[in-house]
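As structure tokens, the structure follows; a few thoughts come after it.
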Amino acid sequence: MADDTSAEVSEPRQNTKAQPNTDLPVKEHILMVNDLPRGERYYEAMKAKIRPGDVVLEVGTGAGLLSLVAASLGAKHVYTVEQSPVLSRVAEKVFAANGLSDKITLINAHSKDLVALDLIHEKVDVFVTETIGSQGLDEGILLIFEHIKPLLAAGARLIPESVSFKHCLVNMSGIRERVEIMQPVFGFDLSALNAELESNLLYWLNPIEPWREISTVGETRSYDLLNFEPGESTQTCEITSTNICDGMFTWAEFKLSDEVVIDTRYRHLGCNWANSVHFMRRGMVEYGQACSAQFNVTDDKLGWTINWAIGPC
Ligand SMILES: C[S@@+](CC[C@H](N)C(=O)[O-])C[C@H]1O[C@@H](n2cnc3c(N)ncnc32)[C@H](O)[C@@H]1O
């Protein structure tokens, strides 16, 4: 694929646009609250941003963990919004079990109906949401910010505040052969399957699967979540190992507070998010080559597109 004279060797790829995945089964919530590094980052950011007497709004209550944290940090009142009736029932029980039902009002609704329901009669000082998808925006977090914007007090503090996207190139020998038809099976050509395969474009890595980073990490500009401006951002990473390149590994990093960021890269057993790789035409890349990628964060607010090119430095 890439040689010393090639200026542009990869194919434009990849739209991660997805329907927001908002109705997670209860067992996913157990995994989520047991993912302590995730919870600790939110806890730290909430400690930094919530002051005694604040009115706090959370969208995406789940089992109620973050609303309990807000109440325990001295919020005057917490409004917490959950679309799932099952989880709303669970959260009500959780608030009662922790003696905090009088501090927390649970609203079983979708955030899009929040203003119309007119259930919150005071301005919100701190807004919290953990509706972060593995690719960042795919749980609909930007739409949620739009829904709650009219409820915010001037200067309201937001958790998270902004997002950027990161990427690096990867070698995935051992995986690619399983998830794509790369050679005849019993001598038969089954490659027509490849054209039909959605995951040919985006493959979610299971944590036990072997893969190797072969470039430095590139990062997009930061996108403000409350005043989101769609647009393109270009960045370069450098090949650190002459190798076969299978694709681009991408993840999102959210700023929760000045001191705290959280990213969706799978790092530890029990991590709540999944790694994702965008396959490209397989080929050699060489140490020192540069890969330039354009991330176009789209204005439907659910997804983004990347194109990239590899060429000599
Ligand atoms: C990732 S879970 C977070 C749960 C909990 N806050 C925690 O951190 O453990 C997101 C929750 O948000 C809910 N949710 C997602 N989008 C929503 C929306 N637009 N309006 C109301 N609830 C939403 C989902 O049903 C899910 O329970």
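Letters for chains follow the order of the structure tokens (A, B, ...), residue numbers begin at 1 for each chain, and ligand numbers begin at 1 in the order shown.
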Could you pull out the strand (DSSP E) residues of region 18-227 of chain A, going by DSSP on the backbone, and write them as a PDB file with N, CA, C and O atoms, in the first residue's frame?
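File out.pdb, as written:
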ATOM      1  N   VAL A  55     -28.701  23.655  42.706  1.00  0.00           N
ATOM      2  CA  VAL A  55     -29.713  22.808  42.079  1.00  0.00           C
ATOM      3  C   VAL A  55     -28.999  22.021  40.980  1.00  0.00           C
ATOM      4  O   VAL A  55     -28.330  22.601  40.123  1.00  0.00           O
ATOM      5  N   VAL A  56     -29.122  20.698  41.060  1.00  0.00           N
ATOM      6  CA  VAL A  56     -28.410  19.834  40.113  1.00  0.00           C
ATOM      7  C   VAL A  56     -29.429  19.105  39.244  1.00  0.00           C
ATOM      8  O   VAL A  56     -30.470  18.664  39.729  1.00  0.00           O
ATOM      9  N   LEU A  57     -29.122  19.008  37.967  1.00  0.00           N
ATOM     10  CA  LEU A  57     -29.941  18.202  37.049  1.00  0.00           C
ATOM     11  C   LEU A  57     -29.064  17.117  36.454  1.00  0.00           C
ATOM     12  O   LEU A  57     -27.956  17.391  35.981  1.00  0.00           O
ATOM     13  N   GLU A  58     -29.570  15.880  36.494  1.00  0.00           N
ATOM     14  CA  GLU A  58     -28.886  14.802  35.781  1.00  0.00           C
ATOM     15  C   GLU A  58     -29.819  14.253  34.712  1.00  0.00           C
ATOM     16  O   GLU A  58     -31.001  14.020  34.976  1.00  0.00           O
ATOM     17  N   VAL A  59     -29.310  14.033  33.500  1.00  0.00           N
ATOM     18  CA  VAL A  59     -30.073  13.264  32.510  1.00  0.00           C
ATOM     19  C   VAL A  59     -29.391  11.919  32.360  1.00  0.00           C
ATOM     20  O   VAL A  59     -28.175  11.841  32.127  1.00  0.00           O
ATOM     21  N   HIS A  77     -31.147  20.514  45.808  1.00  0.00           N
ATOM     22  CA  HIS A  77     -32.071  19.523  45.246  1.00  0.00           C
ATOM     23  C   HIS A  77     -31.493  18.946  43.957  1.00  0.00           C
ATOM     24  O   HIS A  77     -30.769  19.632  43.239  1.00  0.00           O
ATOM     25  N   VAL A  78     -31.816  17.689  43.716  1.00  0.00           N
ATOM     26  CA  VAL A  78     -31.355  17.021  42.498  1.00  0.00           C
ATOM     27  C   VAL A  78     -32.576  16.592  41.694  1.00  0.00           C
ATOM     28  O   VAL A  78     -33.457  15.904  42.221  1.00  0.00           O
ATOM     29  N   TYR A  79     -32.637  17.026  40.436  1.00  0.00           N
ATOM     30  CA  TYR A  79     -33.647  16.514  39.504  1.00  0.00           C
ATOM     31  C   TYR A  79     -32.932  15.513  38.614  1.00  0.00           C
ATOM     32  O   TYR A  79     -31.854  15.818  38.080  1.00  0.00           O
ATOM     33  N   THR A  80     -33.517  14.333  38.471  1.00  0.00           N
ATOM     34  CA  THR A  80     -32.824  13.316  37.694  1.00  0.00           C
ATOM     35  C   THR A  80     -33.793  12.659  36.727  1.00  0.00           C
ATOM     36  O   THR A  80     -34.925  12.332  37.094  1.00  0.00           O
ATOM     37  N   VAL A  81     -33.368  12.550  35.474  1.00  0.00           N
ATOM     38  CA  VAL A  81     -34.283  12.198  34.388  1.00  0.00           C
ATOM     39  C   VAL A  81     -33.864  10.868  33.775  1.00  0.00           C
ATOM     40  O   VAL A  81     -32.710  10.715  33.355  1.00  0.00           O
ATOM     41  N   GLU A  82     -34.803   9.929  33.719  1.00  0.00           N
ATOM     42  CA  GLU A  82     -34.502   8.603  33.156  1.00  0.00           C
ATOM     43  C   GLU A  82     -35.661   8.187  32.269  1.00  0.00           C
ATOM     44  O   GLU A  82     -36.807   8.160  32.694  1.00  0.00           O
ATOM     45  N   ILE A 104     -34.062  14.117  46.110  1.00  0.00           N
ATOM     46  CA  ILE A 104     -33.941  13.785  44.681  1.00  0.00           C
ATOM     47  C   ILE A 104     -35.325  13.587  44.081  1.00  0.00           C
ATOM     48  O   ILE A 104     -36.121  12.788  44.586  1.00  0.00           O
ATOM     49  N   THR A 105     -35.608  14.309  42.999  1.00  0.00           N
ATOM     50  CA  THR A 105     -36.858  14.100  42.273  1.00  0.00           C
ATOM     51  C   THR A 105     -36.560  13.351  40.990  1.00  0.00           C
ATOM     52  O   THR A 105     -35.790  13.839  40.144  1.00  0.00           O
ATOM     53  N   LEU A 106     -37.142  12.176  40.875  1.00  0.00           N
ATOM     54  CA  LEU A 106     -36.920  11.386  39.666  1.00  0.00           C
ATOM     55  C   LEU A 106     -38.020  11.675  38.645  1.00  0.00           C
ATOM     56  O   LEU A 106     -39.202  11.666  38.976  1.00  0.00           O
ATOM     57  N   ILE A 107     -37.606  11.961  37.422  1.00  0.00           N
ATOM     58  CA  ILE A 107     -38.571  12.221  36.343  1.00  0.00           C
ATOM     59  C   ILE A 107     -38.405  11.121  35.300  1.00  0.00           C
ATOM     60  O   ILE A 107     -37.350  11.023  34.667  1.00  0.00           O
ATOM     61  N   ASN A 108     -39.431  10.291  35.174  1.00  0.00           N
ATOM     62  CA  ASN A 108     -39.357   9.195  34.203  1.00  0.00           C
ATOM     63  C   ASN A 108     -39.825   9.742  32.851  1.00  0.00           C
ATOM     64  O   ASN A 108     -41.008   9.750  32.537  1.00  0.00           O
ATOM     65  N   VAL A 124     -31.070  25.572  36.889  1.00  0.00           N
ATOM     66  CA  VAL A 124     -30.113  24.513  37.221  1.00  0.00           C
ATOM     67  C   VAL A 124     -28.697  25.092  37.307  1.00  0.00           C
ATOM     68  O   VAL A 124     -28.218  25.746  36.370  1.00  0.00           O
ATOM     69  N   ASP A 125     -28.028  24.840  38.440  1.00  0.00           N
ATOM     70  CA  ASP A 125     -26.654  25.344  38.628  1.00  0.00           C
ATOM     71  C   ASP A 125     -25.612  24.382  38.049  1.00  0.00           C
ATOM     72  O   ASP A 125     -24.561  24.801  37.580  1.00  0.00           O
ATOM     73  N   VAL A 126     -25.910  23.085  38.188  1.00  0.00           N
ATOM     74  CA  VAL A 126     -24.939  22.095  37.695  1.00  0.00           C
ATOM     75  C   VAL A 126     -25.691  21.041  36.895  1.00  0.00           C
ATOM     76  O   VAL A 126     -26.691  20.473  37.374  1.00  0.00           O
ATOM     77  N   PHE A 127     -25.226  20.790  35.678  1.00  0.00           N
ATOM     78  CA  PHE A 127     -25.819  19.728  34.859  1.00  0.00           C
ATOM     79  C   PHE A 127     -24.822  18.590  34.728  1.00  0.00           C
ATOM     80  O   PHE A 127     -23.643  18.810  34.418  1.00  0.00           O
ATOM     81  N   VAL A 128     -25.291  17.364  34.974  1.00  0.00           N
ATOM     82  CA  VAL A 128     -24.441  16.172  34.902  1.00  0.00           C
ATOM     83  C   VAL A 128     -25.081  15.160  33.963  1.00  0.00           C
ATOM     84  O   VAL A 128     -26.295  14.905  34.067  1.00  0.00           O
ATOM     85  N   THR A 129     -24.287  14.575  33.095  1.00  0.00           N
ATOM     86  CA  THR A 129     -24.785  13.436  32.331  1.00  0.00           C
ATOM     87  C   THR A 129     -23.646  12.478  32.007  1.00  0.00           C
ATOM     88  O   THR A 129     -22.542  12.920  31.684  1.00  0.00           O
ATOM     89  N   LEU A 152     -30.877  25.945  32.162  1.00  0.00           N
ATOM     90  CA  LEU A 152     -29.637  26.273  32.879  1.00  0.00           C
ATOM     91  C   LEU A 152     -29.611  27.709  33.399  1.00  0.00           C
ATOM     92  O   LEU A 152     -30.044  28.645  32.701  1.00  0.00           O
ATOM     93  N   ALA A 153     -29.084  27.878  34.602  1.00  0.00           N
ATOM     94  CA  ALA A 153     -28.810  29.227  35.123  1.00  0.00           C
ATOM     95  C   ALA A 153     -27.614  29.800  34.356  1.00  0.00           C
ATOM     96  O   ALA A 153     -26.807  29.037  33.805  1.00  0.00           O
ATOM     97  N   ALA A 154     -27.501  31.135  34.365  1.00  0.00           N
ATOM     98  CA  ALA A 154     -26.319  31.750  33.723  1.00  0.00           C
ATOM     99  C   ALA A 154     -25.073  31.220  34.432  1.00  0.00           C
ATOM    100  O   ALA A 154     -25.040  31.126  35.662  1.00  0.00           O
ATOM    101  N   GLY A 155     -24.084  30.828  33.652  1.00  0.00           N
ATOM    102  CA  GLY A 155     -22.824  30.348  34.238  1.00  0.00           C
ATOM    103  C   GLY A 155     -22.912  28.942  34.824  1.00  0.00           C
ATOM    104  O   GLY A 155     -22.066  28.552  35.634  1.00  0.00           O
ATOM    105  N   ALA A 156     -23.957  28.205  34.440  1.00  0.00           N
ATOM    106  CA  ALA A 156     -24.116  26.845  34.980  1.00  0.00           C
ATOM    107  C   ALA A 156     -22.869  26.024  34.689  1.00  0.00           C
ATOM    108  O   ALA A 156     -22.219  26.193  33.657  1.00  0.00           O
ATOM    109  N   ARG A 157     -22.542  25.151  35.643  1.00  0.00           N
ATOM    110  CA  ARG A 157     -21.373  24.265  35.473  1.00  0.00           C
ATOM    111  C   ARG A 157     -21.827  22.956  34.840  1.00  0.00           C
ATOM    112  O   ARG A 157     -22.891  22.437  35.198  1.00  0.00           O
ATOM    113  N   LEU A 158     -21.022  22.441  33.919  1.00  0.00           N
ATOM    114  CA  LEU A 158     -21.428  21.286  33.116  1.00  0.00           C
ATOM    115  C   LEU A 158     -20.452  20.138  33.291  1.00  0.00           C
ATOM    116  O   LEU A 158     -19.240  20.330  33.283  1.00  0.00           O
ATOM    117  N   ILE A 159     -20.995  18.937  33.416  1.00  0.00           N
ATOM    118  CA  ILE A 159     -20.153  17.731  33.509  1.00  0.00           C
ATOM    119  C   ILE A 159     -20.751  16.696  32.560  1.00  0.00           C
ATOM    120  O   ILE A 159     -21.826  16.169  32.862  1.00  0.00           O
ATOM    121  N   SER A 162     -16.768  19.250  27.319  1.00  0.00           N
ATOM    122  CA  SER A 162     -16.324  19.220  25.915  1.00  0.00           C
ATOM    123  C   SER A 162     -15.790  17.832  25.571  1.00  0.00           C
ATOM    124  O   SER A 162     -15.567  17.007  26.462  1.00  0.00           O
ATOM    125  N   VAL A 163     -15.609  17.602  24.288  1.00  0.00           N
ATOM    126  CA  VAL A 163     -15.117  16.296  23.829  1.00  0.00           C
ATOM    127  C   VAL A 163     -14.104  16.491  22.710  1.00  0.00           C
ATOM    128  O   VAL A 163     -14.203  17.444  21.935  1.00  0.00           O
ATOM    129  N   SER A 164     -13.107  15.627  22.672  1.00  0.00           N
ATOM    130  CA  SER A 164     -12.214  15.563  21.507  1.00  0.00           C
ATOM    131  C   SER A 164     -12.101  14.094  21.120  1.00  0.00           C
ATOM    132  O   SER A 164     -12.463  13.206  21.896  1.00  0.00           O
ATOM    133  N   PHE A 165     -11.618  13.857  19.910  1.00  0.00           N
ATOM    134  CA  PHE A 165     -11.522  12.483  19.417  1.00  0.00           C
ATOM    135  C   PHE A 165     -10.068  12.138  19.153  1.00  0.00           C
ATOM    136  O   PHE A 165      -9.309  12.962  18.645  1.00  0.00           O
ATOM    137  N   LYS A 166      -9.711  10.925  19.511  1.00  0.00           N
ATOM    138  CA  LYS A 166      -8.324  10.501  19.361  1.00  0.00           C
ATOM    139  C   LYS A 166      -8.252   9.301  18.434  1.00  0.00           C
ATOM    140  O   LYS A 166      -9.230   8.552  18.304  1.00  0.00           O
ATOM    141  N   HIS A 167      -7.088   9.092  17.860  1.00  0.00           N
ATOM    142  CA  HIS A 167      -6.940   7.946  16.971  1.00  0.00           C
ATOM    143  C   HIS A 167      -5.489   7.521  16.880  1.00  0.00           C
ATOM    144  O   HIS A 167      -4.577   8.309  17.130  1.00  0.00           O
ATOM    145  N   CYS A 168      -5.283   6.262  16.523  1.00  0.00           N
ATOM    146  CA  CYS A 168      -3.961   5.811  16.099  1.00  0.00           C
ATOM    147  C   CYS A 168      -4.152   4.629  15.161  1.00  0.00           C
ATOM    148  O   CYS A 168      -5.250   4.056  15.084  1.00  0.00           O
ATOM    149  N   LEU A 169      -3.116   4.311  14.410  1.00  0.00           N
ATOM    150  CA  LEU A 169      -3.200   3.188  13.475  1.00  0.00           C
ATOM    151  C   LEU A 169      -2.852   1.897  14.200  1.00  0.00           C
ATOM    152  O   LEU A 169      -2.086   1.902  15.164  1.00  0.00           O
ATOM    153  N   VAL A 170      -3.456   0.797  13.728  1.00  0.00           N
ATOM    154  CA  VAL A 170      -3.225  -0.480  14.408  1.00  0.00           C
ATOM    155  C   VAL A 170      -2.957  -1.617  13.428  1.00  0.00           C
ATOM    156  O   VAL A 170      -3.451  -1.615  12.301  1.00  0.00           O
ATOM    157  N   ASN A 171      -2.168  -2.561  13.915  1.00  0.00           N
ATOM    158  CA  ASN A 171      -2.018  -3.854  13.259  1.00  0.00           C
ATOM    159  C   ASN A 171      -2.911  -4.839  14.009  1.00  0.00           C
ATOM    160  O   ASN A 171      -2.909  -4.866  15.234  1.00  0.00           O
ATOM    161  N   TYR A 203     -15.241  -2.237  13.434  1.00  0.00           N
ATOM    162  CA  TYR A 203     -15.222  -3.474  14.190  1.00  0.00           C
ATOM    163  C   TYR A 203     -14.937  -3.168  15.649  1.00  0.00           C
ATOM    164  O   TYR A 203     -13.978  -2.481  15.966  1.00  0.00           O
ATOM    165  N   TRP A 204     -15.781  -3.683  16.532  1.00  0.00           N
ATOM    166  CA  TRP A 204     -15.620  -3.409  17.957  1.00  0.00           C
ATOM    167  C   TRP A 204     -14.695  -4.450  18.533  1.00  0.00           C
ATOM    168  O   TRP A 204     -14.966  -5.637  18.462  1.00  0.00           O
ATOM    169  N   LEU A 205     -13.618  -4.005  19.101  1.00  0.00           N
ATOM    170  CA  LEU A 205     -12.627  -4.937  19.619  1.00  0.00           C
ATOM    171  C   LEU A 205     -13.021  -5.473  20.984  1.00  0.00           C
ATOM    172  O   LEU A 205     -13.306  -4.718  21.901  1.00  0.00           O
ATOM    173  N   ARG A 212      -2.163  -4.186  17.989  1.00  0.00           N
ATOM    174  CA  ARG A 212      -0.950  -3.461  18.332  1.00  0.00           C
ATOM    175  C   ARG A 212      -1.016  -2.046  17.733  1.00  0.00           C
ATOM    176  O   ARG A 212      -1.369  -1.881  16.564  1.00  0.00           O
ATOM    177  N   GLU A 213      -0.678  -1.074  18.544  1.00  0.00           N
ATOM    178  CA  GLU A 213      -0.638   0.306  18.030  1.00  0.00           C
ATOM    179  C   GLU A 213       0.632   0.489  17.230  1.00  0.00           C
ATOM    180  O   GLU A 213       1.709   0.119  17.695  1.00  0.00           O
ATOM    181  N   GLY A 218      -3.134  10.753  17.483  1.00  0.00           N
ATOM    182  CA  GLY A 218      -3.577  12.066  17.002  1.00  0.00           C
ATOM    183  C   GLY A 218      -4.841  12.471  17.746  1.00  0.00           C
ATOM    184  O   GLY A 218      -5.598  11.614  18.206  1.00  0.00           O
ATOM    185  N   GLU A 219      -5.058  13.770  17.876  1.00  0.00           N
ATOM    186  CA  GLU A 219      -6.236  14.242  18.614  1.00  0.00           C
ATOM    187  C   GLU A 219      -6.883  15.396  17.870  1.00  0.00           C
ATOM    188  O   GLU A 219      -6.199  16.295  17.397  1.00  0.00           O
ATOM    189  N   TYR A 223     -14.453  19.960  21.065  1.00  0.00           N
ATOM    190  CA  TYR A 223     -15.807  20.401  20.697  1.00  0.00           C
ATOM    191  C   TYR A 223     -16.599  20.684  21.961  1.00  0.00           C
ATOM    192  O   TYR A 223     -16.755  19.806  22.819  1.00  0.00           O
ATOM    193  N   ASP A 224     -17.104  21.902  22.044  1.00  0.00           N
ATOM    194  CA  ASP A 224     -17.913  22.329  23.172  1.00  0.00           C
ATOM    195  C   ASP A 224     -19.274  21.609  23.120  1.00  0.00           C
ATOM    196  O   ASP A 224     -19.925  21.617  22.081  1.00  0.00           O
TER     197      ASP A 224
END
Report as a PyMOL selection string: the residues of region 163-195 of chain A with a DSSP assignment of helix (DSSP H, G or I), based on the backbone of this structure. chain A and resi 176-179+192-195
Hey, what's within 8 Å of region 245-253 of chain A if we count only C-alpha atoms and toss same-chain stuff fewer than 2 positions away? As a PyMOL selection string, please? chain A and resi 134-136+163-173+176+214+243+255+261-265+275-285
Since we have the selection now, will you write its residues out, keeping C-alpha atoms, as a PDB file, in the first residue's frame?
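This went into out.pdb:
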ATOM      1  CA  SER A 134     -18.018   4.144  23.072  1.00  0.00           C
ATOM      2  CA  GLN A 135     -17.476   6.444  20.116  1.00  0.00           C
ATOM      3  CA  GLY A 136     -18.322   9.526  22.113  1.00  0.00           C
ATOM      4  CA  VAL A 163     -15.117  16.296  23.829  1.00  0.00           C
ATOM      5  CA  SER A 164     -12.214  15.563  21.507  1.00  0.00           C
ATOM      6  CA  PHE A 165     -11.522  12.483  19.417  1.00  0.00           C
ATOM      7  CA  LYS A 166      -8.324  10.501  19.361  1.00  0.00           C
ATOM      8  CA  HIS A 167      -6.940   7.946  16.971  1.00  0.00           C
ATOM      9  CA  CYS A 168      -3.961   5.811  16.099  1.00  0.00           C
ATOM     10  CA  LEU A 169      -3.200   3.188  13.475  1.00  0.00           C
ATOM     11  CA  VAL A 170      -3.225  -0.480  14.408  1.00  0.00           C
ATOM     12  CA  ASN A 171      -2.018  -3.854  13.259  1.00  0.00           C
ATOM     13  CA  MET A 172      -4.607  -6.540  13.912  1.00  0.00           C
ATOM     14  CA  SER A 173      -3.077  -9.712  12.511  1.00  0.00           C
ATOM     15  CA  ARG A 176      -8.735  -9.536  10.516  1.00  0.00           C
ATOM     16  CA  ILE A 214       1.745   1.251  15.236  1.00  0.00           C
ATOM     17  CA  ASN A 243       4.168  -3.075   9.947  1.00  0.00           C
ATOM     18  CA  LYS A 255     -13.379  16.910  29.796  1.00  0.00           C
ATOM     19  CA  VAL A 261     -10.946  13.771  31.832  1.00  0.00           C
ATOM     20  CA  ILE A 262     -12.539  10.444  30.991  1.00  0.00           C
ATOM     21  CA  ASP A 263     -12.001   8.523  27.793  1.00  0.00           C
ATOM     22  CA  THR A 264     -13.801   5.675  26.107  1.00  0.00           C
ATOM     23  CA  ARG A 265     -10.736   3.613  25.428  1.00  0.00           C
ATOM     24  CA  ASN A 275     -12.626  -0.107  21.598  1.00  0.00           C
ATOM     25  CA  SER A 276     -13.460   0.356  17.948  1.00  0.00           C
ATOM     26  CA  VAL A 277     -11.402  -0.013  14.813  1.00  0.00           C
ATOM     27  CA  HIS A 278     -12.154   1.281  11.345  1.00  0.00           C
ATOM     28  CA  PHE A 279     -10.786  -1.161   8.828  1.00  0.00           C
ATOM     29  CA  MET A 280      -8.882   0.059   5.831  1.00  0.00           C
ATOM     30  CA  ARG A 281      -7.304  -1.635   2.822  1.00  0.00           C
ATOM     31  CA  ARG A 282      -4.589  -3.745   4.396  1.00  0.00           C
ATOM     32  CA  GLY A 283      -0.977  -2.910   3.610  1.00  0.00           C
ATOM     33  CA  MET A 284       2.517  -2.076   4.784  1.00  0.00           C
ATOM     34  CA  VAL A 285       3.312   1.218   6.424  1.00  0.00           C
TER      35      VAL A 285
END
When the cut-off is 8 Å and you count only C-alpha atoms and all ligand atoms, which residues lie near ligand 1, shown as a ChimeraX atom specification? /A:20-24,29,32-33,39,58-67,81-84,87,108-112,129-133,139-141,143-144
Write a file of the selected residues as a short mmCIF file (atom, residue, chain, number, x, y, z; two decimals), in the first residue's frame, keeping N, CA, C and O atoms.
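The new file selection-v3.cif reads:
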data_model
loop_
_atom_site.label_atom_id
_atom_site.label_comp_id
_atom_site.auth_asym_id
_atom_site.auth_seq_id
_atom_site.Cartn_x
_atom_site.Cartn_y
_atom_site.Cartn_z
N PRO A 20 -29.07 6.54 18.64
CA PRO A 20 -28.61 6.55 20.02
C PRO A 20 -29.00 5.25 20.72
O PRO A 20 -30.14 4.82 20.62
N ASN A 21 -28.02 4.65 21.35
CA ASN A 21 -28.26 3.40 22.05
C ASN A 21 -28.59 3.72 23.50
O ASN A 21 -27.72 3.82 24.34
N THR A 22 -29.88 3.94 23.76
CA THR A 22 -30.22 4.52 25.05
C THR A 22 -30.93 3.57 25.99
O THR A 22 -31.13 3.88 27.14
N ASP A 23 -31.36 2.41 25.51
CA ASP A 23 -32.11 1.53 26.39
C ASP A 23 -31.29 0.29 26.74
O ASP A 23 -31.48 -0.78 26.19
N LEU A 24 -30.38 0.47 27.66
CA LEU A 24 -29.49 -0.62 28.02
C LEU A 24 -30.16 -1.58 29.00
O LEU A 24 -30.89 -1.14 29.89
N HIS A 29 -26.14 -2.01 33.51
CA HIS A 29 -26.03 -1.00 34.58
C HIS A 29 -25.25 -1.54 35.77
O HIS A 29 -24.58 -0.79 36.47
N MET A 32 -21.78 -1.18 34.79
CA MET A 32 -21.43 0.25 34.80
C MET A 32 -21.10 0.75 36.21
O MET A 32 -20.08 1.39 36.42
N VAL A 33 -21.99 0.44 37.17
CA VAL A 33 -21.71 0.97 38.52
C VAL A 33 -20.54 0.24 39.16
O VAL A 33 -19.90 0.77 40.07
N GLY A 39 -16.71 5.70 37.71
CA GLY A 39 -17.42 6.40 38.78
C GLY A 39 -16.54 7.40 39.50
O GLY A 39 -16.95 8.52 39.81
N GLU A 58 -29.57 15.88 36.49
CA GLU A 58 -28.89 14.80 35.78
C GLU A 58 -29.82 14.25 34.71
O GLU A 58 -31.00 14.02 34.98
N VAL A 59 -29.31 14.03 33.50
CA VAL A 59 -30.07 13.26 32.51
C VAL A 59 -29.39 11.92 32.36
O VAL A 59 -28.17 11.84 32.13
N GLY A 60 -30.19 10.85 32.51
CA GLY A 60 -29.66 9.50 32.40
C GLY A 60 -29.34 8.92 33.77
O GLY A 60 -28.21 8.55 34.08
N THR A 61 -30.38 8.83 34.61
CA THR A 61 -30.23 8.38 36.00
C THR A 61 -29.62 7.00 36.12
O THR A 61 -28.79 6.74 37.01
N GLY A 62 -30.06 6.08 35.26
CA GLY A 62 -29.66 4.68 35.40
C GLY A 62 -30.10 4.18 36.76
O GLY A 62 -31.26 4.36 37.18
N ALA A 63 -29.18 3.58 37.50
CA ALA A 63 -29.51 3.08 38.84
C ALA A 63 -29.44 4.18 39.90
O ALA A 63 -29.70 3.93 41.07
N GLY A 64 -29.02 5.38 39.52
CA GLY A 64 -29.09 6.51 40.44
C GLY A 64 -27.78 6.93 41.08
O GLY A 64 -27.74 7.86 41.88
N LEU A 65 -26.68 6.28 40.70
CA LEU A 65 -25.40 6.53 41.38
C LEU A 65 -24.99 8.01 41.39
O LEU A 65 -24.67 8.57 42.44
N LEU A 66 -25.02 8.67 40.23
CA LEU A 66 -24.50 10.04 40.18
C LEU A 66 -25.44 11.02 40.90
O LEU A 66 -24.98 12.01 41.49
N SER A 67 -26.73 10.74 40.89
CA SER A 67 -27.65 11.61 41.62
C SER A 67 -27.44 11.48 43.13
O SER A 67 -27.53 12.46 43.86
N VAL A 81 -33.37 12.55 35.47
CA VAL A 81 -34.28 12.20 34.39
C VAL A 81 -33.86 10.87 33.78
O VAL A 81 -32.71 10.72 33.36
N GLU A 82 -34.80 9.93 33.72
CA GLU A 82 -34.50 8.60 33.16
C GLU A 82 -35.66 8.19 32.27
O GLU A 82 -36.81 8.16 32.69
N GLN A 83 -35.33 7.81 31.03
CA GLN A 83 -36.39 7.44 30.09
C GLN A 83 -36.94 6.03 30.35
O GLN A 83 -38.07 5.74 30.00
N SER A 84 -36.14 5.16 30.94
CA SER A 84 -36.56 3.76 31.09
C SER A 84 -37.42 3.59 32.34
O SER A 84 -36.98 3.89 33.45
N LEU A 87 -35.65 1.20 34.91
CA LEU A 87 -34.58 1.82 35.70
C LEU A 87 -35.11 2.90 36.63
O LEU A 87 -34.58 3.10 37.72
N ASN A 108 -39.43 10.29 35.17
CA ASN A 108 -39.36 9.19 34.20
C ASN A 108 -39.83 9.74 32.85
O ASN A 108 -41.01 9.75 32.54
N ALA A 109 -38.86 10.24 32.08
CA ALA A 109 -39.20 10.86 30.79
C ALA A 109 -37.95 10.89 29.93
O ALA A 109 -36.84 10.65 30.40
N HIS A 110 -38.15 11.20 28.66
CA HIS A 110 -37.02 11.44 27.77
C HIS A 110 -36.65 12.92 27.87
O HIS A 110 -37.54 13.78 28.03
N SER A 111 -35.39 13.22 27.76
CA SER A 111 -34.96 14.62 27.92
C SER A 111 -35.62 15.56 26.92
O SER A 111 -35.78 16.74 27.19
N LYS A 112 -36.06 15.04 25.79
CA LYS A 112 -36.66 15.93 24.77
C LYS A 112 -37.99 16.51 25.28
O LYS A 112 -38.44 17.54 24.78
N THR A 129 -24.29 14.58 33.10
CA THR A 129 -24.78 13.44 32.33
C THR A 129 -23.65 12.48 32.01
O THR A 129 -22.54 12.92 31.68
N GLU A 130 -23.93 11.20 32.14
CA GLU A 130 -23.00 10.20 31.65
C GLU A 130 -23.74 9.41 30.59
O GLU A 130 -24.19 8.29 30.81
N THR A 131 -23.97 10.08 29.48
CA THR A 131 -24.56 9.43 28.31
C THR A 131 -23.48 9.45 27.23
O THR A 131 -23.62 10.05 26.18
N ILE A 132 -22.38 8.81 27.57
CA ILE A 132 -21.20 8.78 26.73
C ILE A 132 -21.14 7.43 26.03
O ILE A 132 -21.09 6.39 26.69
N GLY A 133 -21.18 7.44 24.70
CA GLY A 133 -21.08 6.19 23.96
C GLY A 133 -19.62 5.82 23.71
O GLY A 133 -18.72 6.65 23.90
N GLU A 139 -24.47 8.00 21.93
CA GLU A 139 -25.65 7.86 22.80
C GLU A 139 -26.53 9.10 22.76
O GLU A 139 -27.48 9.21 23.52
N GLY A 140 -26.20 10.04 21.90
CA GLY A 140 -27.06 11.20 21.73
C GLY A 140 -26.80 12.33 22.71
O GLY A 140 -27.66 13.16 22.97
N ILE A 141 -25.59 12.43 23.24
CA ILE A 141 -25.29 13.41 24.29
C ILE A 141 -25.47 14.86 23.80
O ILE A 141 -25.90 15.73 24.57
N LEU A 143 -27.66 15.99 21.67
CA LEU A 143 -29.09 16.31 21.68
C LEU A 143 -29.56 16.58 23.11
O LEU A 143 -30.36 17.48 23.35
N ILE A 144 -29.03 15.81 24.05
CA ILE A 144 -29.41 16.02 25.45
C ILE A 144 -29.02 17.42 25.91
O ILE A 144 -29.78 18.12 26.58
#
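In this model, the gap between CA of Ala75 (chain A) and CA of Lys103 (chain A) comes to 8.1 Å.
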